[in-house]
file target_32.pdb (PDB, C-alpha atoms, pLDDT in the B column)
ATOM      1  CA  PRO O   1     -95.307  77.350 -53.394  1.00 70.00           C
ATOM      2  CA  PRO O   2     -92.973  75.264 -51.203  1.00 70.00           C
ATOM      3  CA  ALA O   3     -91.991  76.857 -47.910  1.00 69.00           C
ATOM      4  CA  PRO O   4     -88.431  78.278 -47.874  1.00 73.00           C
ATOM      5  CA  ARG O   5     -85.898  75.989 -46.264  1.00 73.00           C
ATOM      6  CA  PRO O   6     -84.515  77.134 -42.947  1.00 69.00           C
ATOM      7  CA  PRO O   7     -80.813  78.018 -43.154  1.00 70.00           C
ATOM      8  CA  ALA O   8     -78.542  75.071 -42.363  1.00 71.00           C
ATOM      9  CA  ALA O   9     -77.168  75.156 -38.824  1.00 74.00           C
ATOM     10  CA  ARG O  10     -73.471  75.958 -38.725  1.00 79.00           C
ATOM     11  CA  PRO O  11     -71.319  73.180 -37.263  1.00 79.00           C
ATOM     12  CA  PRO O  12     -69.872  74.148 -33.887  1.00 80.00           C
ATOM     13  CA  ALA O  13     -66.433  75.740 -34.114  1.00 79.00           C
ATOM     14  CA  PRO O  14     -63.715  73.199 -33.294  1.00 82.00           C
ATOM     15  CA  LEU O  15     -62.135  73.587 -29.875  1.00 80.00           C
ATOM     16  CA  PRO O  16     -58.595  74.905 -29.979  1.00 81.00           C
ATOM     17  CA  PRO O  17     -56.056  72.117 -29.534  1.00 84.00           C
ATOM     18  CA  ALA O  18     -54.907  71.526 -25.987  1.00 87.00           C
ATOM     19  CA  PRO O  19     -51.588  73.263 -25.353  1.00 93.00           C
ATOM     20  CA  LEU O  20     -48.506  71.059 -25.466  1.00 95.00           C
ATOM     21  CA  ALA O  21     -45.700  70.848 -22.933  1.00 96.00           C
ATOM     22  CA  GLY O  22     -42.170  71.545 -24.173  1.00 97.00           C
ATOM     23  CA  PRO O  23     -39.552  69.776 -22.038  1.00 98.00           C
ATOM     24  CA  GLY O  24     -35.932  69.905 -23.213  1.00 98.00           C
ATOM     25  CA  VAL O  25     -32.479  69.133 -21.745  1.00 98.00           C
ATOM     26  CA  VAL O  26     -29.028  70.737 -21.909  1.00 98.00           C
ATOM     27  CA  VAL O  27     -25.843  69.203 -20.423  1.00 98.00           C
ATOM     28  CA  ARG O  28     -22.769  71.218 -19.381  1.00 98.00           C
ATOM     29  CA  ALA O  29     -19.402  70.349 -17.780  1.00 98.00           C
ATOM     30  CA  GLN O  30     -17.235  72.659 -15.672  1.00 97.00           C
ATOM     31  CA  PRO O  31     -14.307  73.018 -15.960  1.00 96.00           C
ATOM     32  CA  SER O  32     -13.890  71.925 -19.556  1.00 95.00           C
ATOM     33  CA  PRO O  33     -11.277  70.696 -20.169  1.00 97.00           C
ATOM     34  CA  GLY O  34     -10.892  68.903 -16.837  1.00 98.00           C
ATOM     35  CA  TYR O  35      -7.637  67.866 -15.173  1.00 98.00           C
ATOM     36  CA  VAL O  36      -6.314  64.618 -13.710  1.00 98.00           C
ATOM     37  CA  GLY O  37      -6.737  64.789  -9.937  1.00 97.00           C
ATOM     38  CA  GLY O  38      -9.320  67.573 -10.128  1.00 97.00           C
ATOM     39  CA  LYS O  39     -13.118  67.570 -10.278  1.00 97.00           C
ATOM     40  CA  VAL O  40     -15.539  68.103 -13.161  1.00 98.00           C
ATOM     41  CA  VAL O  41     -19.123  69.069 -12.296  1.00 98.00           C
ATOM     42  CA  VAL O  42     -21.621  67.814 -14.883  1.00 98.00           C
ATOM     43  CA  THR O  43     -24.932  69.724 -14.852  1.00 98.00           C
ATOM     44  CA  TYR O  44     -28.081  68.466 -16.561  1.00 98.00           C
ATOM     45  CA  THR O  45     -30.722  71.212 -16.835  1.00 98.00           C
ATOM     46  CA  VAL O  46     -34.250  70.160 -17.818  1.00 98.00           C
ATOM     47  CA  ARG O  47     -36.547  73.064 -18.739  1.00 98.00           C
ATOM     48  CA  ASN O  48     -40.230  73.063 -19.653  1.00 97.00           C
ATOM     49  CA  GLY O  49     -41.940  75.372 -22.140  1.00 96.00           C
ATOM     50  CA  ARG O  50     -44.555  77.905 -21.065  1.00 96.00           C
ATOM     51  CA  ASN O  51     -47.743  76.271 -22.375  1.00 96.00           C
ATOM     52  CA  ALA O  52     -48.490  73.131 -20.332  1.00 96.00           C
ATOM     53  CA  SER O  53     -47.134  70.936 -17.545  1.00 97.00           C
ATOM     54  CA  ALA O  54     -44.524  68.310 -18.484  1.00 97.00           C
ATOM     55  CA  THR O  55     -45.208  64.895 -16.938  1.00 97.00           C
ATOM     56  CA  GLY O  56     -43.618  61.478 -16.735  1.00 97.00           C
ATOM     57  CA  LEU O  57     -40.091  62.800 -17.235  1.00 98.00           C
ATOM     58  CA  ARG O  58     -37.090  60.484 -17.196  1.00 98.00           C
ATOM     59  CA  LEU O  59     -33.476  61.490 -17.816  1.00 98.00           C
ATOM     60  CA  GLN O  60     -30.746  59.155 -19.066  1.00 98.00           C
ATOM     61  CA  LEU O  61     -27.299  60.275 -17.873  1.00 97.00           C
ATOM     62  CA  GLY O  62     -24.745  59.464 -20.552  1.00 97.00           C
ATOM     63  CA  LEU O  63     -21.666  59.641 -18.309  1.00 96.00           C
ATOM     64  CA  PRO O  64     -18.294  58.234 -19.430  1.00 94.00           C
ATOM     65  CA  GLY O  65     -17.789  54.925 -17.636  1.00 91.00           C
ATOM     66  CA  THR O  66     -14.021  55.446 -17.697  1.00 93.00           C
ATOM     67  CA  ILE O  67     -14.127  58.395 -15.266  1.00 96.00           C
ATOM     68  CA  PRO O  68     -14.860  57.756 -11.558  1.00 96.00           C
ATOM     69  CA  SER O  69     -17.943  59.658 -10.395  1.00 95.00           C
ATOM     70  CA  GLY O  70     -19.526  60.550  -7.093  1.00 94.00           C
ATOM     71  CA  PRO O  71     -22.895  59.233  -5.904  1.00 94.00           C
ATOM     72  CA  LEU O  72     -25.862  59.927  -8.160  1.00 94.00           C
ATOM     73  CA  PRO O  73     -28.495  62.362  -6.863  1.00 93.00           C
ATOM     74  CA  ALA O  74     -31.753  61.204  -5.253  1.00 92.00           C
ATOM     75  CA  GLY O  75     -34.161  59.726  -7.774  1.00 93.00           C
ATOM     76  CA  CYS O  76     -31.322  58.375  -9.955  1.00 96.00           C
ATOM     77  CA  THR O  77     -30.252  54.738 -10.241  1.00 94.00           C
ATOM     78  CA  ALA O  78     -28.120  52.999 -12.865  1.00 91.00           C
ATOM     79  CA  GLY O  79     -27.734  56.182 -14.877  1.00 93.00           C
ATOM     80  CA  GLN O  80     -31.508  56.892 -15.066  1.00 96.00           C
ATOM     81  CA  CYS O  81     -33.293  59.658 -13.154  1.00 97.00           C
ATOM     82  CA  THR O  82     -37.004  60.025 -12.476  1.00 97.00           C
ATOM     83  CA  LEU O  83     -37.758  63.754 -12.523  1.00 97.00           C
ATOM     84  CA  PRO O  84     -40.627  65.678 -10.923  1.00 96.00           C
ATOM     85  CA  ASP O  85     -43.419  67.016 -13.135  1.00 97.00           C
ATOM     86  CA  LEU O  86     -42.621  70.527 -14.342  1.00 97.00           C
ATOM     87  CA  THR O  87     -45.198  73.312 -14.400  1.00 97.00           C
ATOM     88  CA  PRO O  88     -45.091  75.694 -17.383  1.00 97.00           C
ATOM     89  CA  GLY O  89     -41.754  77.548 -17.475  1.00 97.00           C
ATOM     90  CA  ALA O  90     -40.232  75.510 -14.611  1.00 98.00           C
ATOM     91  CA  SER O  91     -36.861  73.742 -14.617  1.00 98.00           C
ATOM     92  CA  THR O  92     -34.938  71.179 -12.593  1.00 97.00           C
ATOM     93  CA  VAL O  93     -31.213  70.412 -12.335  1.00 97.00           C
ATOM     94  CA  VAL O  94     -29.296  67.147 -11.840  1.00 97.00           C
ATOM     95  CA  ARG O  95     -25.596  67.388 -10.912  1.00 97.00           C
ATOM     96  CA  VAL O  96     -22.908  64.693 -10.906  1.00 97.00           C
ATOM     97  CA  VAL O  97     -19.260  65.194  -9.864  1.00 97.00           C
ATOM     98  CA  LEU O  98     -16.547  63.383 -11.833  1.00 98.00           C
ATOM     99  CA  SER O  99     -13.037  62.695 -10.461  1.00 97.00           C
ATOM    100  CA  PRO O 100     -10.780  62.155 -13.498  1.00 98.00           C
ATOM    101  CA  ASP O 101      -7.787  59.882 -12.879  1.00 97.00           C
ATOM    102  CA  ARG O 102      -6.215  59.817 -16.363  1.00 97.00           C
ATOM    103  CA  ALA O 103      -6.009  61.833 -19.550  1.00 97.00           C
ATOM    104  CA  LEU O 104      -8.643  61.053 -22.186  1.00 96.00           C
ATOM    105  CA  ARG O 105     -11.111  62.418 -24.720  1.00 97.00           C
ATOM    106  CA  THR O 106     -14.737  61.426 -24.313  1.00 97.00           C
ATOM    107  CA  SER O 107     -18.247  62.836 -24.459  1.00 97.00           C
ATOM    108  CA  ILE O 108     -21.228  63.286 -22.156  1.00 98.00           C
ATOM    109  CA  THR O 109     -24.822  62.878 -23.327  1.00 98.00           C
ATOM    110  CA  ALA O 110     -28.315  63.496 -21.971  1.00 98.00           C
ATOM    111  CA  THR O 111     -31.527  61.867 -23.204  1.00 98.00           C
ATOM    112  CA  LEU O 112     -34.919  63.053 -21.942  1.00 98.00           C
ATOM    113  CA  THR O 113     -38.165  61.091 -22.325  1.00 98.00           C
ATOM    114  CA  THR O 114     -41.712  62.024 -21.335  1.00 97.00           C
ATOM    115  CA  THR O 115     -45.028  60.138 -21.142  1.00 96.00           C
ATOM    116  CA  GLY O 116     -46.841  63.462 -21.602  1.00 95.00           C
ATOM    117  CA  THR O 117     -47.003  65.898 -24.501  1.00 95.00           C
ATOM    118  CA  ASP O 118     -43.951  67.485 -26.102  1.00 96.00           C
ATOM    119  CA  ALA O 119     -44.143  70.234 -28.715  1.00 95.00           C
ATOM    120  CA  ASN O 120     -40.552  69.716 -29.838  1.00 94.00           C
ATOM    121  CA  ARG O 121     -38.637  66.476 -29.413  1.00 94.00           C
ATOM    122  CA  ASN O 122     -35.507  67.855 -31.097  1.00 96.00           C
ATOM    123  CA  ASP O 123     -34.280  69.362 -27.795  1.00 97.00           C
ATOM    124  CA  ASN O 124     -34.594  66.075 -25.849  1.00 98.00           C
ATOM    125  CA  ARG O 125     -30.967  65.118 -26.502  1.00 98.00           C
ATOM    126  CA  SER O 126     -27.811  67.019 -25.623  1.00 98.00           C
ATOM    127  CA  ARG O 127     -24.170  66.056 -26.179  1.00 98.00           C
ATOM    128  CA  ILE O 128     -20.869  67.741 -25.326  1.00 98.00           C
ATOM    129  CA  PRO O 129     -17.232  66.709 -25.773  1.00 98.00           C
ATOM    130  CA  LEU O 130     -15.069  66.389 -22.659  1.00 98.00           C
ATOM    131  CA  ARG O 131     -11.289  66.343 -22.610  1.00 98.00           C
ATOM    132  CA  ILE O 132      -9.244  65.455 -19.509  1.00 98.00           C
ATOM    133  CA  LEU O 133      -5.678  66.813 -19.455  1.00 98.00           C
ATOM    134  CA  GLN O 134      -2.660  65.502 -17.532  1.00 98.00           C
ATOM    135  CA  PRO O 135      -0.450  68.401 -16.362  1.00 98.00           C
ATOM    136  CA  ARG O 136       3.272  67.850 -17.027  1.00 98.00           C
ATOM    137  CA  ILE O 137       6.527  69.596 -16.147  1.00 98.00           C
ATOM    138  CA  ILE O 138      10.091  69.344 -17.461  1.00 98.00           C
ATOM    139  CA  ALA O 139      13.278  71.076 -16.331  1.00 98.00           C
ATOM    140  CA  VAL O 140      15.385  72.752 -19.040  1.00 97.00           C
ATOM    141  CA  PRO O 141      18.167  71.859 -18.550  1.00 96.00           C
ATOM    142  CA  ALA O 142      17.591  68.906 -16.183  1.00 97.00           C
ATOM    143  CA  ILE O 143      21.069  69.256 -14.706  1.00 97.00           C
ATOM    144  CA  GLY O 144      22.806  72.139 -12.940  1.00 96.00           C
ATOM    145  CA  LYS O 145      25.275  73.128 -10.236  1.00 95.00           C
ATOM    146  CA  PRO O 146      24.714  75.044  -6.987  1.00 95.00           C
ATOM    147  CA  GLY O 147      23.961  78.691  -7.764  1.00 94.00           C
ATOM    148  CA  PHE O 148      22.340  77.768 -11.101  1.00 94.00           C
ATOM    149  CA  VAL O 149      18.780  78.770 -12.044  1.00 95.00           C
ATOM    150  CA  THR O 150      16.935  76.111 -14.030  1.00 95.00           C
ATOM    151  CA  SER O 151      13.818  76.701 -16.100  1.00 97.00           C
ATOM    152  CA  VAL O 152      10.738  74.611 -15.263  1.00 98.00           C
ATOM    153  CA  ARG O 153       8.237  74.404 -18.110  1.00 98.00           C
ATOM    154  CA  GLY O 154       4.657  73.320 -17.538  1.00 98.00           C
ATOM    155  CA  LYS O 155       1.978  72.174 -19.987  1.00 98.00           C
ATOM    156  CA  ASP O 156      -1.745  71.317 -19.696  1.00 98.00           C
ATOM    157  CA  PHE O 157      -2.274  73.088 -16.346  1.00 98.00           C
ATOM    158  CA  PRO O 158      -5.506  74.822 -15.246  1.00 97.00           C
ATOM    159  CA  PRO O 159      -5.105  78.418 -16.532  1.00 97.00           C
ATOM    160  CA  GLY O 160      -4.634  81.022 -13.809  1.00 93.00           C
ATOM    161  CA  ALA O 161      -4.535  78.506 -10.920  1.00 95.00           C
ATOM    162  CA  PRO O 162      -1.374  79.155  -8.829  1.00 98.00           C
ATOM    163  CA  VAL O 163       1.314  76.474  -9.175  1.00 98.00           C
ATOM    164  CA  LYS O 164       3.927  76.107  -6.408  1.00 98.00           C
ATOM    165  CA  LEU O 165       7.263  74.496  -7.273  1.00 97.00           C
ATOM    166  CA  SER O 166       9.479  72.672  -4.778  1.00 97.00           C
ATOM    167  CA  TRP O 167      12.168  70.039  -4.799  1.00 94.00           C
ATOM    168  CA  LYS O 168      13.459  67.249  -2.601  1.00 94.00           C
ATOM    169  CA  PRO O 169      15.991  66.668  -1.297  1.00 94.00           C
ATOM    170  CA  GLY O 170      17.396  70.158  -1.059  1.00 90.00           C
ATOM    171  CA  ILE O 171      16.149  73.598  -0.081  1.00 91.00           C
ATOM    172  CA  THR O 172      13.525  75.337  -2.207  1.00 92.00           C
ATOM    173  CA  ALA O 173      14.252  79.053  -2.513  1.00 91.00           C
ATOM    174  CA  ALA O 174      11.246  81.230  -1.633  1.00 91.00           C
ATOM    175  CA  ALA O 175       9.332  82.244  -4.748  1.00 91.00           C
ATOM    176  CA  ALA O 176       5.814  83.391  -5.601  1.00 94.00           C
ATOM    177  CA  PRO O 177       3.535  80.783  -7.189  1.00 97.00           C
ATOM    178  CA  THR O 178       3.457  80.659 -10.985  1.00 97.00           C
ATOM    179  CA  LEU O 179       0.204  81.397 -12.823  1.00 98.00           C
ATOM    180  CA  PRO O 180      -0.249  79.310 -16.001  1.00 98.00           C
ATOM    181  CA  ASN O 181      -1.182  81.128 -19.210  1.00 98.00           C
ATOM    182  CA  PRO O 182      -4.635  80.819 -20.828  1.00 97.00           C
ATOM    183  CA  ASP O 183      -3.266  77.921 -22.925  1.00 97.00           C
ATOM    184  CA  GLY O 184      -2.211  76.043 -19.756  1.00 98.00           C
ATOM    185  CA  THR O 185       1.557  76.561 -20.178  1.00 98.00           C
ATOM    186  CA  PHE O 186       4.066  78.294 -17.920  1.00 98.00           C
ATOM    187  CA  ILE O 187       7.806  78.872 -17.633  1.00 98.00           C
ATOM    188  CA  ALA O 188       9.121  79.340 -14.099  1.00 97.00           C
ATOM    189  CA  GLN O 189      12.579  79.519 -12.579  1.00 96.00           C
ATOM    190  CA  LEU O 190      13.980  77.426  -9.746  1.00 95.00           C
ATOM    191  CA  LEU O 191      17.217  78.408  -8.004  1.00 95.00           C
ATOM    192  CA  ILE O 192      19.708  75.859  -6.707  1.00 94.00           C
ATOM    193  CA  LEU O 193      21.056  77.510  -3.554  1.00 94.00           C
ATOM    194  CA  ALA O 194      24.819  77.986  -3.620  1.00 93.00           C
ATOM    195  CA  LYS O 195      25.488  75.831  -0.519  1.00 90.00           C
ATOM    196  CA  ASP O 196      22.880  73.177  -1.345  1.00 90.00           C
ATOM    197  CA  GLN O 197      23.573  69.466  -1.662  1.00 90.00           C
ATOM    198  CA  THR O 198      24.411  67.715  -4.914  1.00 94.00           C
ATOM    199  CA  GLY O 199      22.866  64.593  -6.399  1.00 96.00           C
ATOM    200  CA  PRO O 200      19.536  63.583  -7.903  1.00 97.00           C
ATOM    201  CA  ARG O 201      16.378  65.350  -6.799  1.00 96.00           C
ATOM    202  CA  VAL O 202      12.725  65.587  -7.799  1.00 97.00           C
ATOM    203  CA  ILE O 203      10.876  68.782  -8.733  1.00 98.00           C
ATOM    204  CA  THR O 204       7.190  68.802  -7.741  1.00 98.00           C
ATOM    205  CA  ALA O 205       4.453  71.135  -9.000  1.00 98.00           C
ATOM    206  CA  LYS O 206       1.369  71.456  -6.770  1.00 98.00           C
ATOM    207  CA  GLY O 207      -1.773  73.546  -7.038  1.00 98.00           C
ATOM    208  CA  PRO O 208      -5.558  73.539  -6.898  1.00 97.00           C
ATOM    209  CA  GLY O 209      -7.527  71.489  -9.397  1.00 97.00           C
ATOM    210  CA  PHE O 210      -4.949  68.783 -10.249  1.00 98.00           C
ATOM    211  CA  SER O 211      -2.802  66.084  -8.639  1.00 98.00           C
ATOM    212  CA  PRO O 212       0.864  67.001  -7.969  1.00 98.00           C
ATOM    213  CA  VAL O 213       3.250  66.193 -10.833  1.00 98.00           C
ATOM    214  CA  THR O 214       7.020  65.659 -10.777  1.00 98.00           C
ATOM    215  CA  THR O 215      10.142  65.633 -12.932  1.00 98.00           C
ATOM    216  CA  ASP O 216      13.739  64.566 -12.230  1.00 97.00           C
ATOM    217  CA  PHE O 217      16.714  66.900 -11.835  1.00 97.00           C
ATOM    218  CA  LEU O 218      20.418  66.387 -11.110  1.00 97.00           C
ATOM    219  CA  VAL O 219      22.603  68.762  -9.106  1.00 96.00           C
ATOM    220  CA  VAL O 220      26.306  68.391  -9.887  1.00 96.00           C
ATOM    221  CA  LEU O 221      29.587  70.110  -9.077  1.00 90.00           C
ATOM    222  CA  GLY O 222      31.423  71.425 -12.120  1.00 71.00           C
ATOM    223  CA  THR O 223      30.599  73.355 -15.238  1.00 58.00           C
ATOM    224  CA  ILE O 224      28.188  72.336 -17.950  1.00 53.00           C
ATOM    225  CA  THR O 225      29.052  72.644 -21.610  1.00 52.00           C
ATOM    226  CA  PRO O 226      26.817  71.775 -24.543  1.00 50.00           C
ATOM    227  CA  PRO O 227      25.434  69.249 -25.069  1.00 51.00           C
ATOM    228  CA  ASP O 228      25.040  68.945 -21.292  1.00 51.00           C
ATOM    229  CA  GLU O 229      28.421  67.280 -20.761  1.00 52.00           C
ATOM    230  CA  VAL O 230      29.642  67.589 -17.180  1.00 51.00           C
ATOM    231  CA  ILE O 231      33.335  68.510 -16.716  1.00 47.00           C
ATOM    232  CA  ARG O 232      34.669  67.479 -13.323  1.00 46.00           C
ATOM    233  CA  ARG O 233      37.086  69.883 -11.725  1.00 44.00           C
TER     234      ARG O 233
END
call {"tool": "encode", "arguments": {"input": "target_32.pdb", "output": "structure tokens"}}
result
Amino acid sequence: PPAPRPPAARPPAPLPPAPLAGPGVVVRAQPSPGYVGGKVVVTYTVRNGRNASATGLRLQLGLPGTIPSGPLPAGCTAGQCTLPDLTPGASTVVRVVLSPDRALRTSITATLTTTGTDANRNDNRSRIPLRILQPRIIAVPAIGKPGFVTSVRGKDFPPGAPVKLSWKPGITAAAAPTLPNPDGTFIAQLLILAKDQTGPRVITAKGPGFSPVTTDFLVVLGTITPPDEVIRR
């Protein structure tokens, strides 16, 4: 009888696949919204997953060209940054400071590329909206006589940042700074001192995080009747 066949050798078990890196990027802006005359710090955070080192990383900074910005960090030129390799679980941060000079709506983007492995390419782009506000004030009414208290109304101010009101020419009565509401509005009072001079003057609002803003006011002798007609004595 024929000899029994030896059992077939099992093929070697396949090696487990090499672990993949997992770099991803998130962009943030602070404060958001920003304010004309203030600063906005844009932070790009690149994080690697826990399985393998991320290599050959490059970050494209999608900054709005309409907003002046400070110098780019080391390793960045023309809106592109070469990043260090990241060990498993490591992260690196790129920061850019914007100096808004006008009101606008725009967006900021981040695009991450790698020459190494990447388990998930869906987190290699990040995008956020950015709005820049221009604080404004008006006086209601914009005319008054010595001894009168006018109402100064503000809009689009940094919430909670103290706003100091003054006017020139003329004497500004001592008053505590006004704190804008969470929606950026405030209503403050400004006293025209009884012996103060008449004529046109300018109200100025100053505070941290924005450029000073102004509105016109007129100090007159006489009484005011609706609709803001001045009756000379």
call {"tool": "resolve_selection", "arguments": {"input": "target_32.pdb", "expression": "the PyMOL selection byres ((chain O and resi 129-143) around 8)", "output": "number ranges by chain"}}
result
O: 29, 32-36, 100, 102-108, 127-128, 144-145, 150-157, 205, 210, 213-220, 228
call {"tool": "closest_residue", "arguments": {"input": "target_32.pdb", "among": "O:Leu98, O:Ala119, O:Val93, O:Leu83", "to": "O:Pro64", "atoms": "only C-alpha atoms"}}
result
O:Leu98
call {"tool": "residues_around", "arguments": {"input": "target_32.pdb", "residues": "stretch 46-59 of chain O", "least_positions_apart": "4", "cutoff": "8 Å", "atoms": "all atoms listed in the file", "output": "PyMOL selection string"}}
result
chain O and resi 19-26+80-93+110-118
call {"tool": "write_last_selection", "arguments": {"input": "target_32.pdb", "atoms": "C-alpha atoms", "output": "short mmCIF file (atom, residue, chain, number, x, y, z; two decimals), in the coordinates of the input"}}
result
data_model
loop_
_atom_site.label_atom_id
_atom_site.label_comp_id
_atom_site.auth_asym_id
_atom_site.auth_seq_id
_atom_site.Cartn_x
_atom_site.Cartn_y
_atom_site.Cartn_z
CA PRO O 19 -51.59 73.26 -25.35
CA LEU O 20 -48.51 71.06 -25.47
CA ALA O 21 -45.70 70.85 -22.93
CA GLY O 22 -42.17 71.54 -24.17
CA PRO O 23 -39.55 69.78 -22.04
CA GLY O 24 -35.93 69.90 -23.21
CA VAL O 25 -32.48 69.13 -21.74
CA VAL O 26 -29.03 70.74 -21.91
CA GLN O 80 -31.51 56.89 -15.07
CA CYS O 81 -33.29 59.66 -13.15
CA THR O 82 -37.00 60.02 -12.48
CA LEU O 83 -37.76 63.75 -12.52
CA PRO O 84 -40.63 65.68 -10.92
CA ASP O 85 -43.42 67.02 -13.14
CA LEU O 86 -42.62 70.53 -14.34
CA THR O 87 -45.20 73.31 -14.40
CA PRO O 88 -45.09 75.69 -17.38
CA GLY O 89 -41.75 77.55 -17.48
CA ALA O 90 -40.23 75.51 -14.61
CA SER O 91 -36.86 73.74 -14.62
CA THR O 92 -34.94 71.18 -12.59
CA VAL O 93 -31.21 70.41 -12.34
CA ALA O 110 -28.32 63.50 -21.97
CA THR O 111 -31.53 61.87 -23.20
CA LEU O 112 -34.92 63.05 -21.94
CA THR O 113 -38.16 61.09 -22.32
CA THR O 114 -41.71 62.02 -21.34
CA THR O 115 -45.03 60.14 -21.14
CA GLY O 116 -46.84 63.46 -21.60
CA THR O 117 -47.00 65.90 -24.50
CA ASP O 118 -43.95 67.48 -26.10
#
call {"tool": "resolve_selection", "arguments": {"input": "target_32.pdb", "expression": "the PyMOL selection byres ((chain O and resi 177) around 8)", "output": "PyMOL selection string"}}
result
chain O and resi 162-165+175-176+178-179
call {"tool": "resolve_selection", "arguments": {"input": "target_32.pdb", "expression": "the PyMOL selection byres ((chain O and resi 148) around 9)", "output": "short mmCIF file (atom, residue, chain, number, x, y, z; two decimals) with C-alpha atoms, in the coordinates of the input"}}
result
data_model
loop_
_atom_site.label_atom_id
_atom_site.label_comp_id
_atom_site.auth_asym_id
_atom_site.auth_seq_id
_atom_site.Cartn_x
_atom_site.Cartn_y
_atom_site.Cartn_z
CA GLY O 144 22.81 72.14 -12.94
CA LYS O 145 25.28 73.13 -10.24
CA PRO O 146 24.71 75.04 -6.99
CA GLY O 147 23.96 78.69 -7.76
CA VAL O 149 18.78 78.77 -12.04
CA THR O 150 16.93 76.11 -14.03
CA LEU O 190 13.98 77.43 -9.75
CA LEU O 191 17.22 78.41 -8.00
CA ILE O 192 19.71 75.86 -6.71
CA LEU O 193 21.06 77.51 -3.55
CA ALA O 194 24.82 77.99 -3.62
#
call {"tool": "closest_residue", "arguments": {"input": "target_32.pdb", "among": "O:Val96, O:Gly62, O:Gln189, O:Pro212", "to": "O:Ser126", "atoms": "all atoms listed in the file"}}
result
O:Gly62
call {"tool": "closest_residue", "arguments": {"input": "target_32.pdb", "among": "O:Thr185, O:Asn124, O:Thr198, O:Ser99", "to": "O:Thr45", "atoms": "only C-alpha atoms"}}
result
O:Asn124
call {"tool": "closest_residue", "arguments": {"input": "target_32.pdb", "among": "O:Gln30, O:Pro169, O:Leu61, O:Arg10", "to": "O:Thr204", "atoms": "all atoms listed in the file"}}
result
O:Pro169
